[in-house]
Amino acid sequence: MCYEIRDIDQQIEVVLTGTIGVKEATSIRQHLFPLIQREFSGITFHLEAVPDMDSSGLGLLLAVQKICTDFHATVTFTGMHERLQERLTMAGITF
């Protein structure tokens with residue numbers, strides 16, 4: 001798994017690749033959360049290359065969605081495979 005996080009004009013882009021587990025979710029959280037503690041307008045997660053995600057990854061996305069709601073920012077998920085989309089929906093992640 002690898003990821004890239006870009007902050008462009010208060011819009012954060014997160015490109016994820018591979019399966020997201022505990023180790024990956026922790027690393028992403030450590031890099032992403034400092035960015036969302038300051039002013040931002042939205043976050044886009046690019047999930048085209050994510051075949052699967054465990055509860056740690058789902059928890060990360062839920063936490064980011066909650067923070068975005070609290071800060072009146074948008075969160076967008078793009079390119080989800082059908083199986084991953086079903087898991088996100090079951091976890092309560094809206095898109």
# chains A, B, ... in the order shown; residues from 1 in each chain; ligands from 1

$ residues_around --residues "His72 of chain A" --least-positions-apart "2" --cutoff "12 Å" --atoms "only C-alpha atoms" --output "PyMOL selection string"
chain A and resi 36+39-43+64-70+74-75

$ residues_around --residues "segment 2-4 of chain A" --least-positions-apart "6" --cutoff "12 Å" --atoms "only C-alpha atoms" --output "list of chain:residue names"
A:Ile12, A:Glu13, A:Val14, A:Val15, A:Leu16, A:Thr17, A:Gly18, A:Thr19, A:Ile20, A:Gly21, A:Lys23, A:Glu24, A:Ala25, A:Ser27, A:Ile28, A:Arg29, A:His31, A:Leu32, A:Thr44, A:Phe45, A:His46, A:Leu47, A:Ala49, A:Val50

$ closest_residue --among "A:Ser56, A:Ile8, A:Pro51, A:Phe33" --to "Gly79 of chain A" --atoms "only C-alpha atoms"
A:Pro51

$ select_by_dssp --residues "chain A" --states "helix (DSSP H, G or I)" --output "VMD selection string"
chain A and resid 22 to 32 35 to 37 55 to 70 82 to 91

$ residues_around --residues "His81 of chain A" --least-positions-apart "3" --cutoff "7 Å" --atoms "only C-alpha atoms" --output "PDB file with all heavy atoms, in the first residue's frame"
ATOM      1  N   GLU A  48      -9.593   4.365  -6.575  1.00  0.00           N
ATOM      2  CA  GLU A  48      -9.601   3.489  -7.743  1.00  0.00           C
ATOM      3  C   GLU A  48      -8.740   2.246  -7.547  1.00  0.00           C
ATOM      4  O   GLU A  48      -9.072   1.164  -8.017  1.00  0.00           O
ATOM      5  CB  GLU A  48      -9.101   4.241  -8.986  1.00  0.00           C
ATOM      6  CG  GLU A  48      -9.998   5.352  -9.463  1.00  0.00           C
ATOM      7  CD  GLU A  48      -9.692   6.695  -8.790  1.00  0.00           C
ATOM      8  OE1 GLU A  48      -8.786   6.777  -7.924  1.00  0.00           O
ATOM      9  OE2 GLU A  48     -10.392   7.664  -9.127  1.00  0.00           O
ATOM     10  N   LEU A  84     -15.989  -2.434  -2.406  1.00  0.00           N
ATOM     11  CA  LEU A  84     -15.570  -1.421  -1.443  1.00  0.00           C
ATOM     12  C   LEU A  84     -16.700  -0.437  -1.170  1.00  0.00           C
ATOM     13  O   LEU A  84     -16.928  -0.043  -0.026  1.00  0.00           O
ATOM     14  CB  LEU A  84     -14.327  -0.682  -1.949  1.00  0.00           C
ATOM     15  CG  LEU A  84     -13.750   0.372  -1.009  1.00  0.00           C
ATOM     16  CD1 LEU A  84     -13.374  -0.240   0.341  1.00  0.00           C
ATOM     17  CD2 LEU A  84     -12.551   1.049  -1.650  1.00  0.00           C
ATOM     18  N   GLN A  85     -17.438  -0.083  -2.195  1.00  0.00           N
ATOM     19  CA  GLN A  85     -18.577   0.831  -2.020  1.00  0.00           C
ATOM     20  C   GLN A  85     -19.599   0.222  -1.057  1.00  0.00           C
ATOM     21  O   GLN A  85     -20.132   0.916  -0.185  1.00  0.00           O
ATOM     22  CB  GLN A  85     -19.227   1.124  -3.365  1.00  0.00           C
ATOM     23  CG  GLN A  85     -20.295   2.177  -3.297  1.00  0.00           C
ATOM     24  CD  GLN A  85     -20.789   2.595  -4.678  1.00  0.00           C
ATOM     25  OE1 GLN A  85     -20.263   2.156  -5.698  1.00  0.00           O
ATOM     26  NE2 GLN A  85     -21.780   3.441  -4.712  1.00  0.00           N
TER      27      GLN A  85
END

$ atom_distance --atom1 "atom CA of Gly59 of chain A" --atom2 "atom CA of Ile93 of chain A"
9.5 Å

$ atom_distance --atom1 "atom CA of Met1 of chain A" --atom2 "atom CA of Ala73 of chain A"
26.8 Å

$ select_by_dssp --residues "chain A" --states "strand (DSSP E or B)" --output "number ranges by chain"
A: 2-8, 11-17, 20, 42-49, 53, 74-78

$ atom_distance --atom1 "atom CA of Ala91 of chain A" --atom2 "atom CA of Thr78 of chain A"
16.8 Å

$ decode --residues "segment 5-20 of chain A" --atoms "N, CA, C and O atoms" --output "mmCIF file, in the first residue's frame"
data_model
loop_
_atom_site.group_PDB
_atom_site.id
_atom_site.type_symbol
_atom_site.label_atom_id
_atom_site.label_comp_id
_atom_site.auth_asym_id
_atom_site.auth_seq_id
_atom_site.Cartn_x
_atom_site.Cartn_y
_atom_site.Cartn_z
ATOM 1 N N ILE A 5 -0.622 12.384 -0.360
ATOM 2 C CA ILE A 5 -1.517 13.415 0.166
ATOM 3 C C ILE A 5 -1.023 14.763 -0.347
ATOM 4 O O ILE A 5 0.138 15.119 -0.132
ATOM 5 N N ARG A 6 -1.907 15.481 -1.031
ATOM 6 C CA ARG A 6 -1.569 16.801 -1.568
ATOM 7 C C ARG A 6 -2.540 17.831 -1.006
ATOM 8 O O ARG A 6 -3.741 17.568 -0.913
ATOM 9 N N ASP A 7 -2.024 18.983 -0.654
ATOM 10 C CA ASP A 7 -2.839 20.100 -0.160
ATOM 11 C C ASP A 7 -2.702 21.231 -1.170
ATOM 12 O O ASP A 7 -1.657 21.883 -1.259
ATOM 13 N N ILE A 8 -3.768 21.438 -1.953
ATOM 14 C CA ILE A 8 -3.742 22.434 -3.015
ATOM 15 C C ILE A 8 -4.867 23.435 -2.774
ATOM 16 O O ILE A 8 -6.047 23.106 -2.926
ATOM 17 N N ASP A 9 -4.499 24.659 -2.394
ATOM 18 C CA ASP A 9 -5.481 25.728 -2.177
ATOM 19 C C ASP A 9 -6.631 25.293 -1.272
ATOM 20 O O ASP A 9 -7.796 25.411 -1.625
ATOM 21 N N GLN A 10 -6.322 24.768 -0.114
ATOM 22 C CA GLN A 10 -7.285 24.339 0.909
ATOM 23 C C GLN A 10 -8.124 23.135 0.484
ATOM 24 O O GLN A 10 -9.102 22.790 1.126
ATOM 25 N N GLN A 11 -7.745 22.480 -0.597
ATOM 26 C CA GLN A 11 -8.405 21.248 -1.031
ATOM 27 C C GLN A 11 -7.382 20.128 -0.891
ATOM 28 O O GLN A 11 -6.320 20.175 -1.504
ATOM 29 N N ILE A 12 -7.692 19.134 -0.069
ATOM 30 C CA ILE A 12 -6.766 18.034 0.190
ATOM 31 C C ILE A 12 -7.135 16.852 -0.701
ATOM 32 O O ILE A 12 -8.297 16.440 -0.741
ATOM 33 N N GLU A 13 -6.148 16.341 -1.413
ATOM 34 C CA GLU A 13 -6.325 15.185 -2.289
ATOM 35 C C GLU A 13 -5.561 14.015 -1.673
ATOM 36 O O GLU A 13 -4.369 14.141 -1.377
ATOM 37 N N VAL A 14 -6.250 12.889 -1.479
ATOM 38 C CA VAL A 14 -5.624 11.699 -0.909
ATOM 39 C C VAL A 14 -5.767 10.567 -1.925
ATOM 40 O O VAL A 14 -6.879 10.130 -2.217
ATOM 41 N N VAL A 15 -4.648 10.129 -2.470
ATOM 42 C CA VAL A 15 -4.644 9.044 -3.452
ATOM 43 C C VAL A 15 -4.134 7.793 -2.744
ATOM 44 O O VAL A 15 -3.003 7.763 -2.260
ATOM 45 N N LEU A 16 -4.986 6.776 -2.666
ATOM 46 C CA LEU A 16 -4.645 5.536 -1.968
ATOM 47 C C LEU A 16 -4.462 4.405 -2.972
ATOM 48 O O LEU A 16 -5.173 4.336 -3.975
ATOM 49 N N THR A 17 -3.518 3.515 -2.659
ATOM 50 C CA THR A 17 -3.230 2.368 -3.517
ATOM 51 C C THR A 17 -3.034 1.132 -2.641
ATOM 52 O O THR A 17 -2.288 1.191 -1.666
ATOM 53 N N GLY A 18 -3.717 0.054 -2.976
ATOM 54 C CA GLY A 18 -3.545 -1.204 -2.246
ATOM 55 C C GLY A 18 -4.566 -1.370 -1.131
ATOM 56 O O GLY A 18 -5.453 -0.549 -0.937
ATOM 57 N N THR A 19 -4.409 -2.449 -0.383
ATOM 58 C CA THR A 19 -5.309 -2.756 0.724
ATOM 59 C C THR A 19 -4.981 -1.882 1.921
ATOM 60 O O THR A 19 -3.816 -1.684 2.249
ATOM 61 N N ILE A 20 -6.016 -1.350 2.571
ATOM 62 C CA ILE A 20 -5.839 -0.471 3.728
ATOM 63 C C ILE A 20 -6.131 -1.280 4.997
ATOM 64 O O ILE A 20 -7.261 -1.717 5.209
#
